[in-house]
Amino acid sequence: MAEQVHTFYAIAFVENFSLKELAAHYPEAKRTHHQLWYPATAGGTVFLFSSGTVVFYDVGQAGREAEVLRLRRTLPKLSDTQILNEEFSVREVPGARPDIQAGVLVLDALTFERAGVVALTIQQSAAMEYYERIVDQMFGETDRLVDKLEKEGTMPVFTRKLHQFIGAAIGTRSEVLSVLHLFDKPDAAWDDPGAEKVYEELRAEFDLVDRHQSLELKLRSVQDALELVTDIARDKRLVSLEVSIVLLICLEIVLRFVGH
């Protein structure tokens, strides 16, 4: 068998996908718990993941554009969303053991099951990049709040926006854990030692474990900092309330004396 090069191209949308909803519009697709896959009209295979990521396996540019257009018609809300792209190559070399060479996965044979493992891992990396941007923005906003507290020594009395921010941080953390499925080993990896090796090589190449842990630490740091800031703002409100009560008592005493 001659050497062959295969291309995987991932597009991550802002919205997550409902695979149940998509399955009704893609009757030719086969569905698993986390993904749909079907043969592209122009050749190759399309994988749709619940994280809002599409991975094209050996689908040319024209074919990709046609499939994205079909997806946008199926889900009109995708029309105005920003997307992230990621491309990766796999080279089949007879007798080769799974290895990453110059950013390319080299292996002896790319079966469909192994291609599914590659697609899964690439979508995790693409979706991870999206969440990294969100968390970095949250981290920056938190730094600004903490800097303001450090400089002014106080926080606003009203905490509604802080509570909303904390809710967003908690929601993002839950979404990272539930959508990316970073620690769910693909079924193919249990049955095929070669697929398991591919999975391990790609996780290391995309640095998924360390990136996931970094996201977790940042989200936990954001949540802890915001809870502290909220406690300070709440204490300030309590102090203000106590001062108001004291002033009302003093006013009542003064009015009694004036009345006599």
# chains A, B, ... in the order shown; residues from 1 in each chain; ligands from 1
$ residues_around --residues "segment 97-104 of chain A" --least-positions-apart "4" --cutoff "9 Å" --atoms "only C-alpha atoms" --output "ChimeraX atom specification"
/A:88-91,93,108,194-195,197-198,201-202,205
$ write_last_selection --atoms "N, CA, C and O atoms" --output "PDB file, in the first residue's frame"
ATOM      1  N   PHE A  88      -5.748  19.346  10.633  1.00  0.00           N
ATOM      2  CA  PHE A  88      -4.777  18.356  11.065  1.00  0.00           C
ATOM      3  C   PHE A  88      -4.639  17.290   9.976  1.00  0.00           C
ATOM      4  O   PHE A  88      -5.607  16.966   9.290  1.00  0.00           O
ATOM      5  N   SER A  89      -3.435  16.776   9.824  1.00  0.00           N
ATOM      6  CA  SER A  89      -3.172  15.770   8.788  1.00  0.00           C
ATOM      7  C   SER A  89      -2.750  14.448   9.397  1.00  0.00           C
ATOM      8  O   SER A  89      -2.097  14.404  10.453  1.00  0.00           O
ATOM      9  N   VAL A  90      -3.118  13.376   8.708  1.00  0.00           N
ATOM     10  CA  VAL A  90      -2.730  12.019   9.107  1.00  0.00           C
ATOM     11  C   VAL A  90      -2.087  11.353   7.894  1.00  0.00           C
ATOM     12  O   VAL A  90      -2.643  11.398   6.790  1.00  0.00           O
ATOM     13  N   ARG A  91      -0.933  10.748   8.116  1.00  0.00           N
ATOM     14  CA  ARG A  91      -0.221  10.088   7.012  1.00  0.00           C
ATOM     15  C   ARG A  91      -0.157   8.587   7.272  1.00  0.00           C
ATOM     16  O   ARG A  91       0.293   8.153   8.341  1.00  0.00           O
ATOM     17  N   VAL A  93       1.531   5.168   6.583  1.00  0.00           N
ATOM     18  CA  VAL A  93       2.802   4.606   6.121  1.00  0.00           C
ATOM     19  C   VAL A  93       2.814   3.131   6.500  1.00  0.00           C
ATOM     20  O   VAL A  93       2.720   2.796   7.691  1.00  0.00           O
ATOM     21  N   ASP A 108       0.107   3.128  10.604  1.00  0.00           N
ATOM     22  CA  ASP A 108       0.143   2.121   9.537  1.00  0.00           C
ATOM     23  C   ASP A 108      -1.131   2.086   8.717  1.00  0.00           C
ATOM     24  O   ASP A 108      -1.091   1.881   7.488  1.00  0.00           O
ATOM     25  N   GLY A 194      -4.190   0.024  18.526  1.00  0.00           N
ATOM     26  CA  GLY A 194      -3.683   1.085  17.671  1.00  0.00           C
ATOM     27  C   GLY A 194      -4.488   2.358  17.831  1.00  0.00           C
ATOM     28  O   GLY A 194      -3.934   3.468  17.851  1.00  0.00           O
ATOM     29  N   ALA A 195      -5.817   2.237  17.947  1.00  0.00           N
ATOM     30  CA  ALA A 195      -6.679   3.401  18.142  1.00  0.00           C
ATOM     31  C   ALA A 195      -6.409   4.046  19.499  1.00  0.00           C
ATOM     32  O   ALA A 195      -6.424   5.278  19.631  1.00  0.00           O
ATOM     33  N   LYS A 197      -3.529   4.049  21.034  1.00  0.00           N
ATOM     34  CA  LYS A 197      -2.255   4.752  20.883  1.00  0.00           C
ATOM     35  C   LYS A 197      -2.465   6.074  20.141  1.00  0.00           C
ATOM     36  O   LYS A 197      -1.872   7.100  20.490  1.00  0.00           O
ATOM     37  N   VAL A 198      -3.304   6.050  19.109  1.00  0.00           N
ATOM     38  CA  VAL A 198      -3.637   7.279  18.375  1.00  0.00           C
ATOM     39  C   VAL A 198      -4.254   8.297  19.322  1.00  0.00           C
ATOM     40  O   VAL A 198      -3.896   9.481  19.313  1.00  0.00           O
ATOM     41  N   GLU A 201      -1.551   9.724  21.633  1.00  0.00           N
ATOM     42  CA  GLU A 201      -0.643  10.617  20.913  1.00  0.00           C
ATOM     43  C   GLU A 201      -1.298  11.969  20.628  1.00  0.00           C
ATOM     44  O   GLU A 201      -0.672  13.028  20.788  1.00  0.00           O
ATOM     45  N   LEU A 202      -2.550  11.945  20.221  1.00  0.00           N
ATOM     46  CA  LEU A 202      -3.231  13.193  19.889  1.00  0.00           C
ATOM     47  C   LEU A 202      -3.537  14.023  21.124  1.00  0.00           C
ATOM     48  O   LEU A 202      -3.439  15.255  21.093  1.00  0.00           O
ATOM     49  N   GLU A 205      -0.361  15.669  21.810  1.00  0.00           N
ATOM     50  CA  GLU A 205      -0.034  16.665  20.796  1.00  0.00           C
ATOM     51  C   GLU A 205      -0.828  17.949  20.995  1.00  0.00           C
ATOM     52  O   GLU A 205      -0.283  19.054  20.889  1.00  0.00           O
TER      53      GLU A 205
END
$ residues_around --residues "Ala127 of chain A" --least-positions-apart "2" --cutoff "8 Å" --atoms "only C-alpha atoms" --output "list of chain:residue names"
A:Ala12, A:Ser51, A:Gly52, A:Thr53, A:Gln123, A:Gln124, A:Ser125, A:Glu129, A:Tyr130, A:Tyr131, A:Leu180
$ closest_residue --among "A:Ala96, A:Leu48, A:Ala189, A:Ala126" --to "Glu3 of chain A" --atoms "only C-alpha atoms"
A:Ala96
$ residues_around --residues "Trp37 of chain A" --least-positions-apart "6" --cutoff "8 Å" --atoms "only C-alpha atoms" --output "list in words"
Ala29, Lys30, Arg31, Thr45, Val46, Phe47 and Leu48 of chain A
$ write_last_selection --atoms "all heavy atoms" --output "short mmCIF file (atom, residue, chain, number, x, y, z; two decimals), in the first residue's frame"
data_model
loop_
_atom_site.label_atom_id
_atom_site.label_comp_id
_atom_site.auth_asym_id
_atom_site.auth_seq_id
_atom_site.Cartn_x
_atom_site.Cartn_y
_atom_site.Cartn_z
N ALA A 29 -27.56 10.04 8.59
CA ALA A 29 -26.50 10.04 9.60
C ALA A 29 -26.69 8.90 10.61
O ALA A 29 -27.80 8.49 10.92
CB ALA A 29 -26.46 11.37 10.33
N LYS A 30 -25.57 8.44 11.15
CA LYS A 30 -25.58 7.50 12.25
C LYS A 30 -25.22 8.26 13.52
O LYS A 30 -24.37 9.14 13.51
CB LYS A 30 -24.57 6.36 12.01
CG LYS A 30 -24.97 5.48 10.83
CD LYS A 30 -24.07 4.27 10.72
CE LYS A 30 -24.53 3.36 9.58
NZ LYS A 30 -23.67 2.14 9.46
N ARG A 31 -25.89 7.91 14.60
CA ARG A 31 -25.79 8.69 15.83
C ARG A 31 -25.25 7.86 16.99
O ARG A 31 -25.65 6.71 17.16
CB ARG A 31 -27.16 9.26 16.20
CG ARG A 31 -27.21 10.05 17.49
CD ARG A 31 -28.64 10.49 17.77
NE ARG A 31 -28.77 11.07 19.11
CZ ARG A 31 -29.93 11.38 19.68
NH1 ARG A 31 -31.06 11.15 19.02
NH2 ARG A 31 -29.96 11.89 20.89
N THR A 45 -16.21 12.21 4.93
CA THR A 45 -17.14 12.01 6.03
C THR A 45 -17.24 13.27 6.87
O THR A 45 -16.25 13.98 7.08
CB THR A 45 -16.69 10.84 6.92
OG1 THR A 45 -16.51 9.67 6.10
CG2 THR A 45 -17.72 10.53 8.00
N VAL A 46 -18.45 13.53 7.38
CA VAL A 46 -18.70 14.67 8.25
C VAL A 46 -19.08 14.16 9.64
O VAL A 46 -19.96 13.28 9.76
CB VAL A 46 -19.82 15.57 7.71
CG1 VAL A 46 -20.04 16.78 8.62
CG2 VAL A 46 -19.51 16.03 6.29
N PHE A 47 -18.42 14.69 10.67
CA PHE A 47 -18.75 14.37 12.06
C PHE A 47 -19.33 15.62 12.71
O PHE A 47 -18.73 16.70 12.64
CB PHE A 47 -17.51 13.94 12.83
CG PHE A 47 -16.88 12.64 12.36
CD1 PHE A 47 -15.95 12.65 11.33
CD2 PHE A 47 -17.21 11.44 12.97
CE1 PHE A 47 -15.37 11.46 10.90
CE2 PHE A 47 -16.63 10.25 12.54
CZ PHE A 47 -15.71 10.26 11.50
N LEU A 48 -20.49 15.49 13.36
CA LEU A 48 -21.11 16.59 14.10
C LEU A 48 -21.10 16.23 15.58
O LEU A 48 -21.60 15.17 15.97
CB LEU A 48 -22.55 16.81 13.63
CG LEU A 48 -22.76 17.14 12.15
CD1 LEU A 48 -24.26 17.20 11.84
CD2 LEU A 48 -22.09 18.45 11.79
#
$ atom_distance --atom1 "atom CA of Arg72 of chain A" --atom2 "atom CA of Leu208 of chain A"
28.7 Å
